[in-house]
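File shown here: input-v5.tsv, holding TSV, C-alpha atoms and all ligand atoms.
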chain	number	residue	atom	x	y	z
A	1114	MET	CA	-15.00	-30.82	-41.79
A	1115	LYS	CA	-17.51	-28.06	-42.36
A	1116	GLN	CA	-20.12	-27.68	-39.64
A	1117	SER	CA	-23.56	-28.43	-41.02
A	1118	ILE	CA	-26.43	-26.05	-40.36
A	1119	VAL	CA	-30.02	-26.91	-39.57
A	1120	LYS	CA	-32.88	-24.57	-40.33
A	1121	CYS	CA	-35.79	-24.47	-37.91
A	1122	PRO	CA	-39.01	-25.29	-39.80
A	1123	GLY	CA	-40.97	-22.97	-37.52
A	1124	CYS	CA	-39.04	-19.71	-37.11
A	1125	GLY	CA	-36.37	-20.20	-39.76
A	1126	LEU	CA	-33.44	-19.87	-37.34
A	1127	MET	CA	-30.22	-21.33	-38.74
A	1128	LEU	CA	-28.21	-23.15	-36.08
A	1129	PRO	CA	-25.23	-25.52	-36.02
A	1130	ASN	CA	-26.49	-29.06	-36.43
A	1131	GLN	CA	-26.20	-30.97	-33.17
A	1132	TYR	CA	-28.29	-33.85	-34.45
A	1133	PHE	CA	-31.02	-33.27	-31.89
A	1134	ALA	CA	-34.38	-34.90	-32.55
A	1135	GLU	CA	-37.29	-32.66	-33.49
A	1136	PRO	CA	-39.59	-32.09	-30.51
A	1137	PRO	CA	-43.11	-33.59	-30.65
A	1138	ARG	CA	-44.93	-30.56	-29.30
A	1139	PHE	CA	-43.77	-27.82	-31.66
A	1140	ARG	CA	-42.83	-27.58	-35.31
A	1141	ALA	CA	-39.20	-26.82	-34.52
A	1142	SER	CA	-35.70	-28.10	-34.99
A	1143	GLY	CA	-34.27	-29.81	-31.91
A	1144	GLU	CA	-31.56	-27.12	-31.90
A	1145	CYS	CA	-34.15	-24.33	-31.72
A	1146	MET	CA	-36.05	-26.24	-29.03
A	1147	GLU	CA	-32.84	-26.37	-27.02
A	1148	LEU	CA	-32.80	-22.56	-27.02
A	1149	PHE	CA	-36.37	-22.59	-25.75
A	1150	ASN	CA	-35.33	-24.94	-22.94
A	1151	GLN	CA	-32.53	-22.53	-22.02
A	1152	LEU	CA	-34.90	-19.60	-21.98
A	1153	SER	CA	-37.38	-21.58	-19.89
A	1154	TYR	CA	-34.82	-22.07	-17.11
A	1155	TYR	CA	-34.61	-18.31	-16.98
A	1156	THR	CA	-38.31	-17.42	-17.30
A	1157	ILE	CA	-39.52	-20.04	-14.82
A	1158	ALA	CA	-36.93	-19.11	-12.17
A	1159	HIS	CA	-37.51	-15.42	-12.62
A	1160	GLY	CA	-40.40	-13.25	-13.68
A	1161	GLN	CA	-42.85	-13.90	-10.85
A	1162	PRO	CA	-45.55	-12.96	-9.96
A	1163	GLU	CA	-46.52	-11.94	-13.50
A	1164	PHE	CA	-45.34	-15.30	-14.86
A	1165	ILE	CA	-43.41	-14.02	-17.87
A	1166	HIS	CA	-42.78	-17.63	-18.88
A	1167	GLN	CA	-46.29	-17.69	-20.37
A	1168	LEU	CA	-45.34	-14.87	-22.76
A	1169	ALA	CA	-42.26	-16.75	-23.94
A	1170	LEU	CA	-44.22	-19.99	-24.29
A	1171	ASP	CA	-46.96	-18.38	-26.38
A	1172	SER	CA	-44.51	-16.49	-28.62
A	1173	TYR	CA	-42.59	-19.69	-29.21
A	1174	GLY	CA	-45.80	-21.66	-29.81
A	1175	ALA	CA	-47.08	-19.13	-32.34
A	1176	GLN	CA	-43.80	-19.25	-34.25
A	1177	HIS	CA	-43.66	-23.06	-34.25
A	1178	SER	CA	-47.12	-24.01	-35.48
A	1179	GLY	CA	-48.31	-26.43	-38.14
A	1180	GLY	CA	-46.84	-29.86	-38.78
A	1181	THR	CA	-46.83	-31.94	-35.63
A	1182	ALA	CA	-47.88	-29.04	-33.38
A	1183	ARG	CA	-51.42	-29.57	-32.11
A	1184	PRO	CA	-54.15	-27.10	-33.13
A	1185	ILE	CA	-54.87	-26.31	-29.47
A	1186	THR	CA	-51.23	-25.29	-28.92
A	1187	THR	CA	-51.41	-22.80	-31.78
A	1188	ALA	CA	-54.84	-21.50	-30.77
A	1189	PHE	CA	-53.85	-21.01	-27.13
A	1190	SER	CA	-50.58	-19.35	-28.12
A	1191	LEU	CA	-52.37	-16.84	-30.33
A	1192	ILE	CA	-55.07	-16.16	-27.76
A	1193	GLY	CA	-52.35	-15.55	-25.17
A	1194	LEU	CA	-50.48	-13.12	-27.44
A	1195	TYR	CA	-53.69	-11.25	-28.19
A	1196	LEU	CA	-54.63	-10.89	-24.52
A	1197	VAL	CA	-51.17	-9.52	-23.70
A	1198	VAL	CA	-50.86	-7.15	-26.67
A	1199	GLU	CA	-54.38	-5.77	-26.83
A	1200	HIS	CA	-55.70	-6.24	-23.31
A	1201	GLY	CA	-52.58	-5.89	-21.16
A	1202	PHE	CA	-52.88	-9.32	-19.54
A	1203	THR	CA	-49.98	-10.65	-17.46
A	1204	GLY	CA	-48.69	-14.18	-18.05
A	1205	LYS	CA	-50.56	-15.26	-14.93
A	1206	GLN	CA	-53.84	-13.90	-16.30
A	1207	VAL	CA	-53.24	-15.61	-19.64
A	1208	GLN	CA	-52.69	-18.90	-17.84
A	1209	GLN	CA	-56.06	-18.49	-16.10
A	1210	ALA	CA	-57.73	-17.60	-19.42
A	1211	HIS	CA	-56.33	-20.78	-20.99
A	1212	MET	CA	-57.77	-22.86	-18.17
A	1213	GLN	CA	-61.16	-21.23	-18.60
A	1214	LEU	CA	-61.15	-21.84	-22.37
A	1215	ALA	CA	-59.96	-25.43	-21.98
A	1216	ARG	CA	-62.96	-26.19	-19.80
A	1217	ALA	CA	-65.43	-24.63	-22.25
A	1218	LYS	CA	-64.21	-25.83	-25.63
A	1219	THR	CA	-62.51	-28.94	-26.95
A	1220	ASP	CA	-62.49	-28.50	-30.71
A	1221	TRP	CA	-59.83	-26.20	-32.17
A	1222	PRO	CA	-59.36	-25.40	-35.86
A	1223	VAL	CA	-56.14	-25.92	-37.75
A	1224	LEU	CA	-54.75	-22.44	-38.36
A	1225	SER	CA	-52.20	-22.00	-41.14
A	1226	PRO	CA	-48.93	-20.51	-39.93
A	1227	PRO	CA	-47.53	-17.38	-41.57
A	1228	LYS	CA	-45.32	-17.91	-44.59
A	1229	GLY	CA	-41.68	-16.91	-44.40
A	1230	ASP	CA	-39.18	-16.74	-41.57
A	1231	ALA	CA	-39.82	-14.90	-38.31
A	1232	VAL	CA	-38.44	-11.35	-38.14
A	1233	MET	CA	-37.54	-11.84	-34.49
A	1234	THR	CA	-36.62	-15.18	-32.94
A	1235	ILE	CA	-35.83	-16.72	-29.59
A	1236	GLN	CA	-32.15	-16.11	-30.32
A	1237	ASP	CA	-32.72	-12.34	-30.15
A	1238	VAL	CA	-34.27	-12.83	-26.72
A	1239	LEU	CA	-31.42	-14.97	-25.39
A	1240	ARG	CA	-28.82	-12.50	-26.64
A	1241	ALA	CA	-30.29	-9.77	-24.44
A	1242	GLU	CA	-28.82	-9.49	-20.96
A	1243	ALA	CA	-30.76	-11.31	-18.22
A	1244	GLY	CA	-33.11	-9.07	-16.27
A	1245	GLU	CA	-34.94	-6.04	-17.60
A	1246	PRO	CA	-33.26	-6.03	-21.06
A	1247	ARG	CA	-34.31	-9.64	-21.68
A	1248	ASP	CA	-37.81	-9.12	-20.30
A	1249	THR	CA	-38.23	-6.17	-22.65
A	1250	LYS	CA	-37.14	-8.41	-25.52
A	1251	ILE	CA	-39.70	-11.03	-24.51
A	1252	ARG	CA	-42.42	-8.37	-24.74
A	1253	GLN	CA	-41.14	-7.29	-28.18
A	1254	TRP	CA	-41.17	-10.92	-29.21
A	1255	VAL	CA	-44.83	-11.20	-28.18
A	1256	HIS	CA	-45.68	-8.23	-30.42
A	1257	ALA	CA	-43.63	-9.56	-33.36
A	1258	ALA	CA	-45.21	-13.01	-33.15
A	1259	TRP	CA	-48.71	-11.53	-32.88
A	1260	SER	CA	-48.16	-9.19	-35.87
A	1261	SER	CA	-47.02	-12.07	-38.06
A	1262	TRP	CA	-50.40	-13.78	-37.62
A	1263	ALA	CA	-52.54	-10.91	-39.00
A	1264	HIS	CA	-54.49	-13.36	-41.18
A	1265	ALA	CA	-55.84	-15.10	-38.04
A	1266	HIS	CA	-56.51	-12.04	-35.86
A	1267	ASP	CA	-60.28	-12.05	-36.43
A	1268	TRP	CA	-60.57	-15.69	-35.45
A	1269	VAL	CA	-58.45	-15.16	-32.33
A	1270	LYS	CA	-60.47	-12.16	-31.14
A	1271	GLU	CA	-63.67	-14.16	-31.46
A	1272	ALA	CA	-62.20	-17.19	-29.70
A	1273	ALA	CA	-60.95	-15.06	-26.80
A	1274	ARG	CA	-64.29	-13.35	-26.28
A	1275	PRO	CA	-65.49	-15.63	-23.43
A	1276	VAL	CA	-62.57	-14.66	-21.19
A	1277	LEU	CA	-63.15	-10.94	-21.76
A	1278	GLU	CA	-66.82	-10.99	-20.85
A	1279	PRO	CA	-67.60	-10.06	-17.26
B	1301	ZN	ZN	-37.45	-22.10	-34.27

Before anything else, please render the file you have as structure tokens.
Amino acid sequence: MKQSIVKCPGCGLMLPNQYFAEPPRFRASGECMELFNQLSYYTIAHGQPEFIHQLALDSYGAQHSGGTARPITTAFSLIGLYLVVEHGFTGKQVQQAHMQLARAKTDWPVLSPPKGDAVMTIQDVLRAEAGEPRDTKIRQWVHAAWSSWAHAHDWVKEAARPVLEP
């Protein structure tokens, strides 16, 4: 019997169908979410003190927006990517920025995700060797995910302003 393929509604990744349920938190196939779980074992165990897990989480969140994903998840993902790409924040600093923003604001707009499939996906990250090669890929993934959201950049910069003010 031919193996069926499932396409992730967020990033477009085509993976063998394992009949996993779609996750509630992201607009993703269960098969793609399984890859994120695998990557999380790596990023949480490793990558301290800069907390590289935050970079992976925000890249994944940005690429799996819309549908059942909550507006705050998308907004925080994009703000995190912006702070890393344009202000050199570490994952740890992004985490602190999210906490600051969560205290100040409760209402987040629905941002429309980019059309088309992602040019770089979590699979590219997992294929890189653990350690420096994979960490470099995570940083490239941050840039790719941020670039794909050009239509929302102005909103993100404005929303992130409170954490950049002294
Ligand atoms: Zn995906």

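Minimum atom-to-atom distance to ligand ZN 1301 (chain B), evaluated using only C-alpha atoms and all ligand atoms, belongs to A:Cys1124 out of A:Met1212, A:Cys1124, A:Leu1224, A:Leu1191.
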
Within 6 Å of ligand ZN 1301 (chain B), counting all atoms listed in the file: which residues, as a VMD selection string? chain A and resid 1121 1123 to 1126 1141 1145

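The residue that comes closest to Ala1272 of chain A, out of A:Leu1239, A:Met1233, A:Ala1210, A:Ile1251 and on the basis of all atoms listed in the file, is A:Ala1210.
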
Point-to-point distance from atom CA of Asn1130 of chain A to atom CA of Leu1148 of chain A, Å rounded to tenths: 13.1 Å

Could you give me, as JSON, numbers by chain, the residues within 9 Å of Ser1225 of chain A, counting all atoms listed in the file and dropping anything in the same chain fewer than 3 positions from it? {"A": [1178, 1179, 1228, 1264, 1265]}

Nearby residues (all atoms listed in the file) at most 12 Å from Val1276 of chain A, same-chain spacing under 3 positions excluded, as a ChimeraX atom specification: /A:1192-1193,1195-1196,1200,1202,1206-1217,1269-1273,1279

Contacts of Met1127 of chain A within 12 Å, only C-alpha atoms, excl. fewer than 5 positions in-chain, as a ChimeraX atom specification: /A:1116-1122,1141-1145,1230-1231,1234-1236

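Ranking A:Ala1258, A:Lys1250, A:Ser1172, A:Ala1243 by their shortest atom-to-atom distance to Tyr1154 of chain A, with only C-alpha atoms included, puts A:Ala1243 first.
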
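Using only C-alpha atoms, the smallest distance between any of A:Glu1163, A:Glu1278, A:Asp1237, A:Glu1242 and Phe1149 of chain A comes from A:Asp1237.
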
Could you model all heavy atoms for segment 1256-1267 of chain A and present them as an mmCIF file, in the coordinates of the input?
data_model
loop_
_atom_site.group_PDB
_atom_site.id
_atom_site.type_symbol
_atom_site.label_atom_id
_atom_site.label_comp_id
_atom_site.auth_asym_id
_atom_site.auth_seq_id
_atom_site.Cartn_x
_atom_site.Cartn_y
_atom_site.Cartn_z
ATOM 1 N N HIS A 1256 -45.098 -9.108 -29.400
ATOM 2 C CA HIS A 1256 -45.680 -8.230 -30.420
ATOM 3 C C HIS A 1256 -45.322 -8.704 -31.828
ATOM 4 O O HIS A 1256 -46.173 -8.701 -32.717
ATOM 5 C CB HIS A 1256 -45.219 -6.782 -30.202
ATOM 6 C CG HIS A 1256 -45.938 -6.109 -29.072
ATOM 7 N ND1 HIS A 1256 -46.967 -5.212 -29.276
ATOM 8 C CD2 HIS A 1256 -45.809 -6.235 -27.731
ATOM 9 C CE1 HIS A 1256 -47.426 -4.801 -28.092
ATOM 10 N NE2 HIS A 1256 -46.742 -5.404 -27.142
ATOM 11 N N ALA A 1257 -44.072 -9.107 -32.023
ATOM 12 C CA ALA A 1257 -43.630 -9.560 -33.360
ATOM 13 C C ALA A 1257 -44.385 -10.821 -33.769
ATOM 14 O O ALA A 1257 -44.845 -10.944 -34.912
ATOM 15 C CB ALA A 1257 -42.123 -9.813 -33.353
ATOM 16 N N ALA A 1258 -44.525 -11.751 -32.834
ATOM 17 C CA ALA A 1258 -45.210 -13.010 -33.150
ATOM 18 C C ALA A 1258 -46.693 -12.742 -33.444
ATOM 19 O O ALA A 1258 -47.261 -13.303 -34.386
ATOM 20 C CB ALA A 1258 -45.063 -13.996 -31.990
ATOM 21 N N TRP A 1259 -47.295 -11.870 -32.660
ATOM 22 C CA TRP A 1259 -48.710 -11.530 -32.880
ATOM 23 C C TRP A 1259 -48.904 -10.862 -34.240
ATOM 24 O O TRP A 1259 -49.799 -11.226 -35.007
ATOM 25 C CB TRP A 1259 -49.205 -10.633 -31.739
ATOM 26 C CG TRP A 1259 -50.580 -10.091 -31.933
ATOM 27 C CD1 TRP A 1259 -50.939 -8.783 -32.041
ATOM 28 C CD2 TRP A 1259 -51.820 -10.839 -32.031
ATOM 29 N NE1 TRP A 1259 -52.296 -8.664 -32.208
ATOM 30 C CE2 TRP A 1259 -52.860 -9.910 -32.213
ATOM 31 C CE3 TRP A 1259 -52.128 -12.207 -32.001
ATOM 32 C CZ2 TRP A 1259 -54.201 -10.292 -32.362
ATOM 33 C CZ3 TRP A 1259 -53.462 -12.597 -32.154
ATOM 34 C CH2 TRP A 1259 -54.478 -11.652 -32.325
ATOM 35 N N SER A 1260 -48.048 -9.908 -34.587
ATOM 36 C CA SER A 1260 -48.160 -9.190 -35.870
ATOM 37 C C SER A 1260 -48.062 -10.139 -37.061
ATOM 38 O O SER A 1260 -48.717 -9.934 -38.076
ATOM 39 C CB SER A 1260 -47.047 -8.151 -36.017
ATOM 40 O OG SER A 1260 -47.134 -7.224 -34.982
ATOM 41 N N SER A 1261 -47.239 -11.168 -36.924
ATOM 42 C CA SER A 1261 -47.020 -12.070 -38.060
ATOM 43 C C SER A 1261 -48.248 -12.929 -38.376
ATOM 44 O O SER A 1261 -48.326 -13.534 -39.425
ATOM 45 C CB SER A 1261 -45.808 -12.968 -37.781
ATOM 46 O OG SER A 1261 -46.138 -13.961 -36.824
ATOM 47 N N TRP A 1262 -49.199 -12.969 -37.440
ATOM 48 C CA TRP A 1262 -50.400 -13.780 -37.620
ATOM 49 C C TRP A 1262 -51.629 -12.938 -37.990
ATOM 50 O O TRP A 1262 -52.761 -13.321 -37.677
ATOM 51 C CB TRP A 1262 -50.702 -14.568 -36.350
ATOM 52 C CG TRP A 1262 -49.948 -15.857 -36.221
ATOM 53 C CD1 TRP A 1262 -48.713 -16.040 -35.685
ATOM 54 C CD2 TRP A 1262 -50.408 -17.169 -36.597
ATOM 55 N NE1 TRP A 1262 -48.367 -17.375 -35.708
ATOM 56 C CE2 TRP A 1262 -49.400 -18.087 -36.269
ATOM 57 C CE3 TRP A 1262 -51.582 -17.651 -37.195
ATOM 58 C CZ2 TRP A 1262 -49.513 -19.457 -36.506
ATOM 59 C CZ3 TRP A 1262 -51.697 -19.015 -37.434
ATOM 60 C CH2 TRP A 1262 -50.667 -19.900 -37.095
ATOM 61 N N ALA A 1263 -51.433 -11.826 -38.675
ATOM 62 C CA ALA A 1263 -52.540 -10.910 -39.000
ATOM 63 C C ALA A 1263 -53.722 -11.628 -39.656
ATOM 64 O O ALA A 1263 -54.884 -11.292 -39.402
ATOM 65 C CB ALA A 1263 -52.036 -9.777 -39.882
ATOM 66 N N HIS A 1264 -53.428 -12.634 -40.470
ATOM 67 C CA HIS A 1264 -54.490 -13.360 -41.180
ATOM 68 C C HIS A 1264 -55.416 -14.112 -40.231
ATOM 69 O O HIS A 1264 -56.507 -14.515 -40.636
ATOM 70 C CB HIS A 1264 -53.885 -14.316 -42.206
ATOM 71 C CG HIS A 1264 -52.972 -15.349 -41.601
ATOM 72 N ND1 HIS A 1264 -51.710 -15.047 -41.121
ATOM 73 C CD2 HIS A 1264 -53.158 -16.669 -41.367
ATOM 74 C CE1 HIS A 1264 -51.151 -16.145 -40.634
ATOM 75 N NE2 HIS A 1264 -52.006 -17.141 -40.757
ATOM 76 N N ALA A 1265 -55.001 -14.342 -38.989
ATOM 77 C CA ALA A 1265 -55.840 -15.100 -38.040
ATOM 78 C C ALA A 1265 -56.392 -14.204 -36.926
ATOM 79 O O ALA A 1265 -57.083 -14.684 -36.031
ATOM 80 C CB ALA A 1265 -55.030 -16.245 -37.433
ATOM 81 N N HIS A 1266 -56.111 -12.915 -36.972
ATOM 82 C CA HIS A 1266 -56.510 -12.040 -35.860
ATOM 83 C C HIS A 1266 -58.016 -12.063 -35.592
ATOM 84 O O HIS A 1266 -58.436 -12.087 -34.427
ATOM 85 C CB HIS A 1266 -56.051 -10.596 -36.120
ATOM 86 C CG HIS A 1266 -54.585 -10.392 -35.852
ATOM 87 N ND1 HIS A 1266 -53.951 -9.179 -35.999
ATOM 88 C CD2 HIS A 1266 -53.611 -11.263 -35.451
ATOM 89 C CE1 HIS A 1266 -52.665 -9.297 -35.690
ATOM 90 N NE2 HIS A 1266 -52.431 -10.551 -35.373
ATOM 91 N N ASP A 1267 -58.820 -12.070 -36.649
ATOM 92 C CA ASP A 1267 -60.280 -12.050 -36.430
ATOM 93 C C ASP A 1267 -60.735 -13.307 -35.697
ATOM 94 O O ASP A 1267 -61.544 -13.233 -34.775
ATOM 95 C CB ASP A 1267 -61.022 -11.936 -37.776
ATOM 96 C CG ASP A 1267 -60.866 -10.537 -38.380
ATOM 97 O OD1 ASP A 1267 -60.425 -9.617 -37.659
ATOM 98 O OD2 ASP A 1267 -61.184 -10.384 -39.572
#
